[in-house]
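Okay, so here's the structure we're looking at.
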Amino acid sequence: MAAVTLYPLRFRPLYKQYLWGGRRFETHLGRKLPPDGPFAESWEVADHGQDQSIVEAGPLAGTTLHELVARFGHHLLGRHHPQPRFPLLLKYLDANQPLSVQVHPDDALARRMGLDDPGKTEAWCVLHAEPGSLIWAGFREPIDPERLRRAVAEGKLEACLHRFSPAPGQCVFLPAGTVHALGQGLLVAEIQQTSDNTFRLYDWNRVGPDGRPRPLHVEEAIQAINYDQGPVQPAAPRPGEATHIERLVRCDKFVLDRLRLATPQMAGGDGRCHILTVIQGAIHVEGDPEQAPLRLGSTVLLPAALSPVQLEPLGDETAVLLDACLP
Ligand SMILES: [Zn+2]
């Protein structure tokens, strides 16, 4: 096989049509969607079983992310090679109904439970918020498993949870073990561990498409919850490694920065794999085989072995990007 040099990779979005979704990928992110139905999630970078991001352009067009991990190893992942799958998943979510109140296990509990996927720590960045929309995250006051079990049984869980009205630009960090729910009227970008391990604690007394309540996983959730997790407030951005960079989250699973590009800046080339997604404006990415700009809501992956590439903002508007990488 001829050697292929890695380059900035764009993937085809994978859409999930859940009932709680809407049309904001079209109205707010400029996507072309099939005419009918709600679109809940757009998976931008994903290597999760059958859900595979596929390279859109260039010599690797048609290759899945899982194949890239296997074939390019440390050229893709840097010092985080080897991995059984690409360890991060980036998606957009469009919530037109509140999502269930849920919690994710950490890696250790997922392993003890014999689950295939690892734990799930995640962070949300709000792109759009209807007035009055809500996020629930963490407990309002300290609670223990017994009181929590009683609150769930009596349908009073919501009163135990901290909630706030998020504003566009805010980021919410949700370590594994944090009880949380995304409210209606929100468009968010989510970075998370590649995992589907979700324990549903409360579903707002709703029924699923089959007219029956969706299953809850109360006992698993009670095991997974971090009872020390008090109210979760939006993350306070800290100065990053350069003046155009803010650090939103740093944890043992990922680092999330926000880049503001009024002028061209270099990115990548530090031996890490970076996921960049545009949350305002548009940019040109040096070495991108696609001729079109990388626009609002579009994502590119910079493999670890790449030299630094120039990101050039297009038009008059400052371009804003999220930059997720492994720690
Ligand atoms: Zn979650």
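Identifiers in this document derive from the order of the structure tokens: chains are assigned A, B, ..., residues are numbered from 1 separately in each chain, and ligands are numbered from 1 in order of occurrence.
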
Within 8 Å of ligand 1, counting only C-alpha atoms and all ligand atoms, which protein or nucleic acid residues do you find, written as a short mmCIF file (atom, residue, chain, number, x, y, z; two decimals) with N, CA and C atoms, in the first residue's frame?
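Output file pocket.cif is given in full below:
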data_model
loop_
_atom_site.label_atom_id
_atom_site.label_comp_id
_atom_site.auth_asym_id
_atom_site.auth_seq_id
_atom_site.Cartn_x
_atom_site.Cartn_y
_atom_site.Cartn_z
N GLN A 102 -30.16 12.21 33.83
CA GLN A 102 -29.31 11.03 33.69
C GLN A 102 -27.97 11.22 34.38
N VAL A 103 -27.25 10.14 34.45
CA VAL A 103 -25.90 10.16 34.99
C VAL A 103 -25.09 9.11 34.25
N HIS A 104 -23.81 9.35 34.11
CA HIS A 104 -22.92 8.39 33.46
C HIS A 104 -21.91 7.87 34.48
N LYS A 120 -18.10 8.00 31.08
CA LYS A 120 -18.43 9.12 30.20
C LYS A 120 -18.40 10.43 30.98
N THR A 121 -17.35 11.18 30.73
CA THR A 121 -17.26 12.57 31.18
C THR A 121 -17.54 13.42 29.96
N GLU A 122 -18.29 14.50 30.12
CA GLU A 122 -18.66 15.31 28.96
C GLU A 122 -18.68 16.79 29.31
N LEU A 174 -19.34 18.40 32.87
CA LEU A 174 -20.10 17.37 33.57
C LEU A 174 -19.23 16.12 33.75
N HIS A 180 -27.49 15.17 35.46
CA HIS A 180 -27.69 16.31 34.57
C HIS A 180 -28.84 16.07 33.60
N ALA A 181 -29.37 17.17 33.09
CA ALA A 181 -30.35 17.10 32.01
C ALA A 181 -30.23 18.36 31.18
N THR A 198 -25.25 5.36 29.79
CA THR A 198 -26.15 6.36 30.36
C THR A 198 -27.16 5.67 31.25
#

Output as a count of residues only all residues of segment 78-301 of chain A that backbone DSSP marks as strand (DSSP E). 81

Can you tell me, as a VMD selection string, what residues are no more than 12 Å from Gly132 of chain A when counting only C-alpha atoms, ignoring any on the same chain fewer than 3 positions away? chain A and resid 128 to 129 135 163 to 167 183 to 186

For the residues in the current selection, export N, CA and C atoms as a compact mmCIF listing (two decimals), in the first residue's frame.
# COMPACT_ATOMS: atom_id res chain seq x y z
N HIS A 128 -26.87 28.21 21.13
CA HIS A 128 -28.13 28.96 21.05
C HIS A 128 -29.01 28.55 22.22
N ALA A 129 -29.68 29.54 22.82
CA ALA A 129 -30.59 29.25 23.94
C ALA A 129 -31.85 30.08 23.77
N ILE A 135 -30.77 24.21 32.06
CA ILE A 135 -29.88 23.07 32.24
C ILE A 135 -29.94 22.67 33.71
N ARG A 163 -30.40 24.08 38.94
CA ARG A 163 -30.70 24.40 37.55
C ARG A 163 -30.39 25.86 37.28
N PHE A 164 -30.14 26.17 36.02
CA PHE A 164 -29.89 27.56 35.63
C PHE A 164 -30.26 27.74 34.17
N SER A 165 -30.44 29.02 33.79
CA SER A 165 -30.71 29.36 32.39
C SER A 165 -29.38 29.68 31.72
N PRO A 166 -28.95 28.84 30.79
CA PRO A 166 -27.64 29.08 30.18
C PRO A 166 -27.71 30.17 29.10
N ALA A 167 -26.57 30.79 28.88
CA ALA A 167 -26.46 31.80 27.81
C ALA A 167 -25.52 31.27 26.73
N GLY A 183 -32.15 20.95 28.86
CA GLY A 183 -33.52 21.39 28.68
C GLY A 183 -33.87 21.68 27.23
N GLN A 184 -35.11 22.07 27.00
CA GLN A 184 -35.55 22.34 25.64
C GLN A 184 -35.11 23.73 25.20
N GLY A 185 -35.00 23.89 23.86
CA GLY A 185 -34.64 25.20 23.33
C GLY A 185 -33.15 25.47 23.31
N LEU A 186 -32.35 24.41 23.35
CA LEU A 186 -30.90 24.57 23.41
C LEU A 186 -30.20 23.86 22.25

Rounded to one decimal in Å, what is the spacing between atom CA of Ser298 of chain A and atom CA of Glu56 of chain A?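 Between atom CA of Ser298 of chain A and atom CA of Glu56 of chain A the gap is 12.1 Å.
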
Nearest to Gly78 of chain A, restricted to only C-alpha atoms and choosing among A:Leu321, A:Ala304, A:Ile245, A:Leu99, comes out as A:Ala304

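For the pair atom CA of Val255 of chain A and atom CA of Ala235 of chain A, the interatomic distance is 12.8 Å.
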
Using only C-alpha atoms: which of A:Leu306, A:Val300, A:Leu77, A:Met266 has the shortest distance to Pro327 of chain A: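 Closest candidate: A:Leu77.
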
Report as a Markdown table: every residue of segment 222-263 of chain A with an atom at most 12 Å from segment 282-297 of chain A, its closest pair of atoms, and their distance in Å to one decimal, counting only C-alpha atoms, with rows sorted by chain and ascending residue number.
| residue | atom | partner | partner_atom | distance |
| --- | --- | --- | --- | --- |
| A:Leu259 | CA | A:Ile283 | CA | 11.7 |
| A:Arg260 | CA | A:Ile283 | CA | 11.1 |
| A:Leu261 | CA | A:Ile283 | CA | 8.8 |
| A:Ala262 | CA | A:Ile283 | CA | 10.4 |
| A:Thr263 | CA | A:Ile283 | CA | 10.3 |

Could you take the residues named above and write them with N, CA and C atoms, as a PDB file, in the first residue's frame?
ATOM      1  N   LEU A 259     -10.945  29.153  20.745  1.00  0.00           N
ATOM      2  CA  LEU A 259     -10.040  30.001  19.970  1.00  0.00           C
ATOM      3  C   LEU A 259     -10.837  31.125  19.325  1.00  0.00           C
ATOM      4  N   ARG A 260     -10.368  32.347  19.484  1.00  0.00           N
ATOM      5  CA  ARG A 260     -10.990  33.501  18.808  1.00  0.00           C
ATOM      6  C   ARG A 260     -10.004  34.010  17.764  1.00  0.00           C
ATOM      7  N   LEU A 261     -10.399  33.913  16.508  1.00  0.00           N
ATOM      8  CA  LEU A 261      -9.481  34.249  15.422  1.00  0.00           C
ATOM      9  C   LEU A 261      -9.940  35.516  14.721  1.00  0.00           C
ATOM     10  N   ALA A 262      -9.284  36.637  15.055  1.00  0.00           N
ATOM     11  CA  ALA A 262      -9.498  37.874  14.303  1.00  0.00           C
ATOM     12  C   ALA A 262      -8.474  37.953  13.176  1.00  0.00           C
ATOM     13  N   THR A 263      -7.348  37.263  13.365  1.00  0.00           N
ATOM     14  CA  THR A 263      -6.278  37.200  12.359  1.00  0.00           C
ATOM     15  C   THR A 263      -5.849  35.740  12.257  1.00  0.00           C
TER      16      THR A 263
END
